[in-house]
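Peer 1: Take this structure first; my questions come after.
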Amino acid sequence: MIYKTKGTCSSSIEFEVKDGILTDIKFNGGCMGNTQGVAALAKGRPVDEVIEKLSGLQCGFRGTSCPDQLANALKLYQTK
C-alpha cells in the first residue's frame, strides 16, 4: 500500500502487511536516518502494536510526525 502523508517532510509511505505483521516499510523523503530507524524498528511487528506505539507522536509543532503518519496509514489499511 502507498499512503500519502500529511504535515511531514516525507511525502509518502510504502508498506506491506502479511498475516497482520508489517513486512516492509519505506518512507519517501523526510529525515533519512529517522525514517530508516522507524522502519527498522516497526518491521516484523504486529500492525496493532505499531499503531499503539506510534500514534500521536509529534514532530515540533506540526501536530503529527512520520511515525504518527505510519500509524495513520496502518489504521487506514485496517479499514480496507
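As shown in the C-alpha cells, the chain order sets the letters A, B, ...; within each chain, residues go from 1, and ligands are also counted from 1 in the order they appear.
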Quick one: residues within 6 Å of stretch 13-26 of chain A, only C-alpha atoms counted, chain neighbours fewer than 5 positions away excluded, as a list in words?
Peer 2: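 Non-adjacent residues within range: Met1, Ile2, Tyr3, Ala39, Lys43, Gly44, Arg45, Pro46 and Val47 of chain A.
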Peer 1: Hey, what does DSSP flag as helix (DSSP H, G or I) within chain A? Can you give it to me as a VMD selection string?
Peer 2: chain A and resid 32 to 42 47 to 54 66 to 79
Peer 1: Identify, on the basis of only C-alpha atoms, every residue whose closest approach to A:Thr5 does not exceed 10 Å; exclude the query and any residue fewer than 5 positions from it along the same chain; express the result as a list in words.
Peer 2: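 Non-adjacent residues within range: Ser10, Ser11, Ser12, Ile13, Phe27, Asn28, Thr64, Ser65, Cys66, Asp68, Gln69, Leu70, Asn72 and Ala73 of chain A.
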Peer 1: What parts of stretch 6-44 of chain A does DSSP call strand (DSSP E)? I'd like the answer as JSON, numbers by chain.
Peer 2: {"A": [10, 11, 12, 13, 14, 15, 16, 17, 18, 21, 22, 23, 24, 25, 26, 27, 28, 29]}
Peer 1: Out of A:Cys9, A:Leu41, A:Ser55, A:Asp48, which residue has the shortest atom-to-atom distance to A:Gly29 when counting only C-alpha atoms?
Peer 2: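 Checking each of A:Cys9, A:Leu41, A:Ser55, A:Asp48 against A:Gly29, counting only C-alpha atoms, the winner is A:Cys9.
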Peer 1: Using only C-alpha atoms for the distances, tell me which of A:Gly63, A:Cys31, A:Gln36, A:Glu52 is nearest to A:Lys6.
Peer 2: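 Closest to A:Lys6, using only C-alpha atoms: A:Gly63.
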Peer 1: Would you compute the distance between atom CA of A:Leu74 and atom CA of A:Glu49? Give it in Å to one decimal.
Peer 2: 10.5 Å
Peer 1: Which residue out of A:Gly30, A:Gly37, A:Ala42, A:Cys59 has the minimum interatomic distance to A:Ala71 when only C-alpha atoms are used?
Peer 2: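 For A:Ala71, the nearest of the candidates is A:Ala42.
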Peer 1: Suppose you want the space between atom CA of A:Thr8 and atom CA of A:Gly33; what is it in Å?
Peer 2: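 Here the two named atoms are 14.8 Å from each other.
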Peer 1: Give me the residues within 7 Å of A:Pro67 as a PyMOL selection string, counting only C-alpha atoms and dropping any in the same chain fewer than 5 places off.
Peer 2: chain A and resi 38+54+57
Peer 1: So how far away is atom CA of A:Lys75 from atom CA of A:Gly7, in Å?
Peer 2: 17.1 Å
